[in-house]
Amino acid sequence: MFAFTVWLSATIMFAIPQLAPGDPVSAMVTRLTQQAGFVEGSAGMIEAWRERFGLDDPLLIQYAQYLKNMLTFDYGYSLSQFPVEVETMIADAIPWTIGLLTIATIISFIAGTVVGALMAWRRSPALLRLLLPLTLTFTAIPFFILGMLLIYLFVFGLEIFPVAGGYDSTAMPGFNVDFIASVIEHGTLPALSIVIGSMGFWALGMRGMMITIEGEDYLTLAQAKGLNPLRILFRYQIRNAILPQFTALMLSFGHIVGGTVLVEYIFGYPGTGSLLFRALSNSDFTVTQGIVFILILTTAAAVLVVDLIYPLLDPRITYERSST
Amino acid sequence: MTRDMTRSGEPLLRIDDVHVHYGRVIAVNGVDLTVSRGETLGLVGESGSGKSTLAMAILRLITPPGRIVSGRIHLNGVDILSTGGRQLRQLRWTDVSLIPQGSMNSLNPVMRIGDQIQDAIEAHDRRQTKDSLRQRVLSLLDMVRLPARVYGMYPHELSGGMKQRVCIAMAIALGPSLIIADEPTSALDVVVQKTVAETLLKVKEELNSSMILVGHDMALQAQLVDRIAVMYAGNIVEVAPVAELFSNPVHAYTRHLIASVPSITERKPLVVKEFQRPDLTTARPKPELREVSPGHLVALDDEHSDRRTSGEASEREEVIPRG
């Protein structure tokens, strides 16, 4: 199942650029031409590079070569920054994105789920239940507008956070206090915009499930048993309501590698989102393919992980034949 | 347990003039009822008659938009309706427990059976070791004739009848003085119904608890209960010892209920009498109950009940308009 998903997605990814008009090599040479005014022997260059990238081979051979490269993580050279290998570019960008998004997603998941649970809980204080929907208003604002709002407020207004980048140029990259502090400082605003922007998604999902479970007979019985209301909330209501939330969380972990393109772009964050954005605007097919393939791999892996750990969360799901 | 109150004549449960409304719907319209110690009371009536609502009111489990508008419910001398918070939680399960409808969803699907019985015990009685708690649960399972392996199983691994036995084991865990069984067998097939009903009766007798058996299965009621209260449109229209009620039903609705029990010896035509139910949203007077024979009370304030014996009166095609 895992292998099939990956193969199918990779094939589609191979096919789509074939259908699109344009040719990365001629596009790049054209750009070079525009920058330099005139490039000597540009036609020859196009020819040579097309051959170098195997663009003149029959489609089937290109396809076979493509599959082999994908599976061996060999994505070739970047078309727009020629001597740099795609692998290196992705490897440089991935830790930034994974770090930022893992933390932001987890915070958003926890905060959103708690908010959603409290919104549905009958014993929540009335004031809290009035305030919570307000926090959800931000969900209606797209990430990037929220990002600009935050930049305006905290960078230009209060001057608390730096405007862009992943770390201060004065800090030496490495495992030292200055660098880590700088990374946290730079990551706060992008993370905040993601958390605020996506919290409502978790909250609404959780609230819906909580309300569904409110009507279940086992909740009535738990109340009849005279259990502590907090125990009922956690062991009976939240424990059951959180199951679909968890699936969604795993899937969004799978998407992390793709980054949140606009957020990273606005904050000038050096992650895969920015990389993908640049690759797309430069028609850099090899980089795009590399990122998308990694994205497919992680998403498929996330689904696999969900399948593997779900039986631990929900005893009703099992992959053995049950004997009753 | 405090059995001395029996001798003083005070019933275990006394319900006085309880009204429960769901928004504009008057679901329970002033019910008076008593249950003595050790007694099993059947509470019968059609869907929407208010029988389950009344049962839930005793447990204070009416959820919004429903609310108990007025009345008093005394259990063991404690006014349940004036309790709240911790006191109410302590009272639940130690004094009154619930056996829910034999549906598939009464047990938490993600908790093991043993844990679900244990948390009921632990919520009220913390002074015991893990091991003695486990022993206690195992002996409860044994009482309802379930194998010990059920302890570590999840609800989805059990059949409907087994789940219902788990609910019975849970309900008797703390030896409550009153067990409310809300149609405990209605979702089970007939053979399982019978064994579950037998288990219910057996454990009830071992504990000497009282029980309110809510249901509409007159045949089951006839086997299990001491006294039957018939509810119709939010009111009790007839209460009598079970033998008396079956041999001499007075209220038209009671006769209708008894007549709908199918019989093997005579083939009756399937007559469905149209009982026109009153509009439950309008305020209506609470019918006055009069004693027609010792312990047999009937609502006699309308013309649809009479004192004649059932044999003479049974041919009347009746409509009960009230309100």
# chains A, B, ... in the order shown; residues from 1 in each chain; ligands from 1

call {"tool": "interface_residues", "arguments": {"of": "chain B", "to": "chain A", "cutoff": "8 Å", "atoms": "only C-alpha atoms", "output": "list in words"}}
result
Leu59, Leu61, Leu88, Arg89, Gln90, Leu91, Arg92, Trp93, Ser97, Leu98, Pro100, Asn105, Ser106, Leu107, Asn108, Pro109, Val110, Asp119, Ala120, Ala123, His124, Tyr154, His156, Glu157, Leu158 and Ser159 of chain B

call {"tool": "write_last_selection", "arguments": {"atoms": "C-alpha atoms", "output": "short mmCIF file (atom, residue, chain, number, x, y, z; two decimals), in the first residue's frame"}}
result
data_model
loop_
_atom_site.label_atom_id
_atom_site.label_comp_id
_atom_site.auth_asym_id
_atom_site.auth_seq_id
_atom_site.Cartn_x
_atom_site.Cartn_y
_atom_site.Cartn_z
CA LEU B 59 -30.74 9.87 39.13
CA LEU B 61 -29.62 12.84 34.92
CA LEU B 88 -24.88 14.18 44.59
CA ARG B 89 -21.91 12.32 43.16
CA GLN B 90 -21.53 10.36 46.37
CA LEU B 91 -25.18 9.50 46.40
CA ARG B 92 -25.08 8.23 42.85
CA TRP B 93 -24.13 4.58 42.60
CA SER B 97 -27.39 2.77 40.39
CA LEU B 98 -28.44 2.47 36.79
CA PRO B 100 -28.95 1.35 31.03
CA ASN B 105 -23.09 2.07 23.66
CA SER B 106 -23.36 1.98 27.41
CA LEU B 107 -19.73 1.12 27.91
CA ASN B 108 -16.77 3.31 27.07
CA PRO B 109 -15.29 1.70 23.94
CA VAL B 110 -11.69 2.54 24.79
CA ASP B 119 -13.59 3.35 38.47
CA ALA B 120 -17.16 3.18 39.72
CA ALA B 123 -14.99 6.93 42.90
CA HIS B 124 -16.75 6.07 46.13
CA TYR B 154 -12.90 -4.30 25.65
CA HIS B 156 -16.49 -4.46 21.38
CA GLU B 157 -15.22 -7.95 22.14
CA LEU B 158 -18.41 -8.85 24.01
CA SER B 159 -21.85 -9.83 22.79
#

call {"tool": "residues_around", "arguments": {"residues": "region 234-244 of chain B", "least_positions_apart": "2", "cutoff": "9 Å", "atoms": "only C-alpha atoms", "output": "VMD selection string"}}
result
chain B and resid 19 to 20 26 to 33 42 48 to 51 54 221 to 222 225 to 232 246 to 251 253 to 254 280 286 to 289 293 to 300

call {"tool": "closest_residue", "arguments": {"among": "B:Ser177, B:Thr94, B:Thr129, B:Gln164", "to": "Thr199 (chain B)", "atoms": "only C-alpha atoms"}}
result
B:Gln164

call {"tool": "select_by_dssp", "arguments": {"residues": "region 26-228 of chain B", "states": "alpha helix (DSSP H)", "output": "PyMOL selection string"}}
result
chain B and resi 51-58+85-94+113-122+130-143+160-171+190-207+218-224

call {"tool": "residues_around", "arguments": {"residues": "Glu87 (chain A)", "least_positions_apart": "6", "cutoff": "8 Å", "atoms": "only C-alpha atoms", "output": "PyMOL selection string"}}
result
chain A and resi 73-76+290

call {"tool": "atom_distance", "arguments": {"atom1": "CA of Leu12 (chain B)", "atom2": "CA of Thr63 (chain B)"}}
result
24.9 Å

call {"tool": "closest_residue", "arguments": {"among": "B:Asp189, B:Glu291, B:Asp95, B:Glu183", "to": "Ala171 (chain B)", "atoms": "only C-alpha atoms"}}
result
B:Asp95

call {"tool": "residues_around", "arguments": {"residues": "region 114-124 of chain A", "least_positions_apart": "4", "cutoff": "7 Å", "atoms": "only C-alpha atoms", "output": "mmCIF file with N, CA and C atoms, in the first residue's frame"}}
result
data_model
loop_
_atom_site.group_PDB
_atom_site.id
_atom_site.type_symbol
_atom_site.label_atom_id
_atom_site.label_comp_id
_atom_site.auth_asym_id
_atom_site.auth_seq_id
_atom_site.Cartn_x
_atom_site.Cartn_y
_atom_site.Cartn_z
ATOM 1 N N ILE A 110 -2.338 21.053 20.388
ATOM 2 C CA ILE A 110 -2.682 20.996 21.811
ATOM 3 C C ILE A 110 -3.616 22.147 22.173
ATOM 4 N N LEU A 128 -15.446 31.867 29.810
ATOM 5 C CA LEU A 128 -14.495 31.170 28.952
ATOM 6 C C LEU A 128 -15.157 30.780 27.637
ATOM 7 N N ARG A 129 -16.394 30.296 27.761
ATOM 8 C CA ARG A 129 -17.076 29.841 26.550
ATOM 9 C C ARG A 129 -17.421 31.001 25.626
ATOM 10 N N LEU A 132 -13.729 31.994 23.960
ATOM 11 C CA LEU A 132 -13.083 31.055 23.061
ATOM 12 C C LEU A 132 -13.415 31.278 21.581
ATOM 13 N N ALA A 203 -9.657 23.195 16.962
ATOM 14 C CA ALA A 203 -10.692 23.485 17.951
ATOM 15 C C ALA A 203 -12.064 23.075 17.434
ATOM 16 N N LEU A 204 -12.347 23.404 16.195
ATOM 17 C CA LEU A 204 -13.675 23.091 15.663
ATOM 18 C C LEU A 204 -13.871 21.591 15.519
ATOM 19 N N MET A 206 -12.428 19.256 17.299
ATOM 20 C CA MET A 206 -12.560 18.687 18.647
ATOM 21 C C MET A 206 -13.941 18.983 19.208
ATOM 22 N N ARG A 207 -14.397 20.219 19.023
ATOM 23 C CA ARG A 207 -15.696 20.608 19.559
ATOM 24 C C ARG A 207 -16.793 19.727 18.950
ATOM 25 N N MET A 210 -16.621 16.300 20.509
ATOM 26 C CA MET A 210 -17.061 16.347 21.910
ATOM 27 C C MET A 210 -18.588 16.352 21.988
ATOM 28 N N ILE A 211 -19.203 17.129 21.108
ATOM 29 C CA ILE A 211 -20.663 17.231 21.136
ATOM 30 C C ILE A 211 -21.297 15.917 20.696
#

call {"tool": "residues_around", "arguments": {"residues": "Leu276 (chain A)", "least_positions_apart": "5", "cutoff": "12 Å", "atoms": "only C-alpha atoms", "output": "ChimeraX atom specification"}}
result
/A:78,86,89-90,93-94,97,257-262,264-265,269-271,281-295

call {"tool": "atom_distance", "arguments": {"atom1": "CA of Pro278 (chain B)", "atom2": "CA of Gly23 (chain B)"}}
result
16.7 Å

call {"tool": "atom_distance", "arguments": {"atom1": "CA of Ile172 (chain B)", "atom2": "CA of Leu220 (chain B)"}}
result
20.7 Å

call {"tool": "closest_residue", "arguments": {"among": "B:Leu200, B:Leu178, B:Ala252, B:Ile113", "to": "Val35 (chain B)", "atoms": "only C-alpha atoms"}}
result
B:Leu178
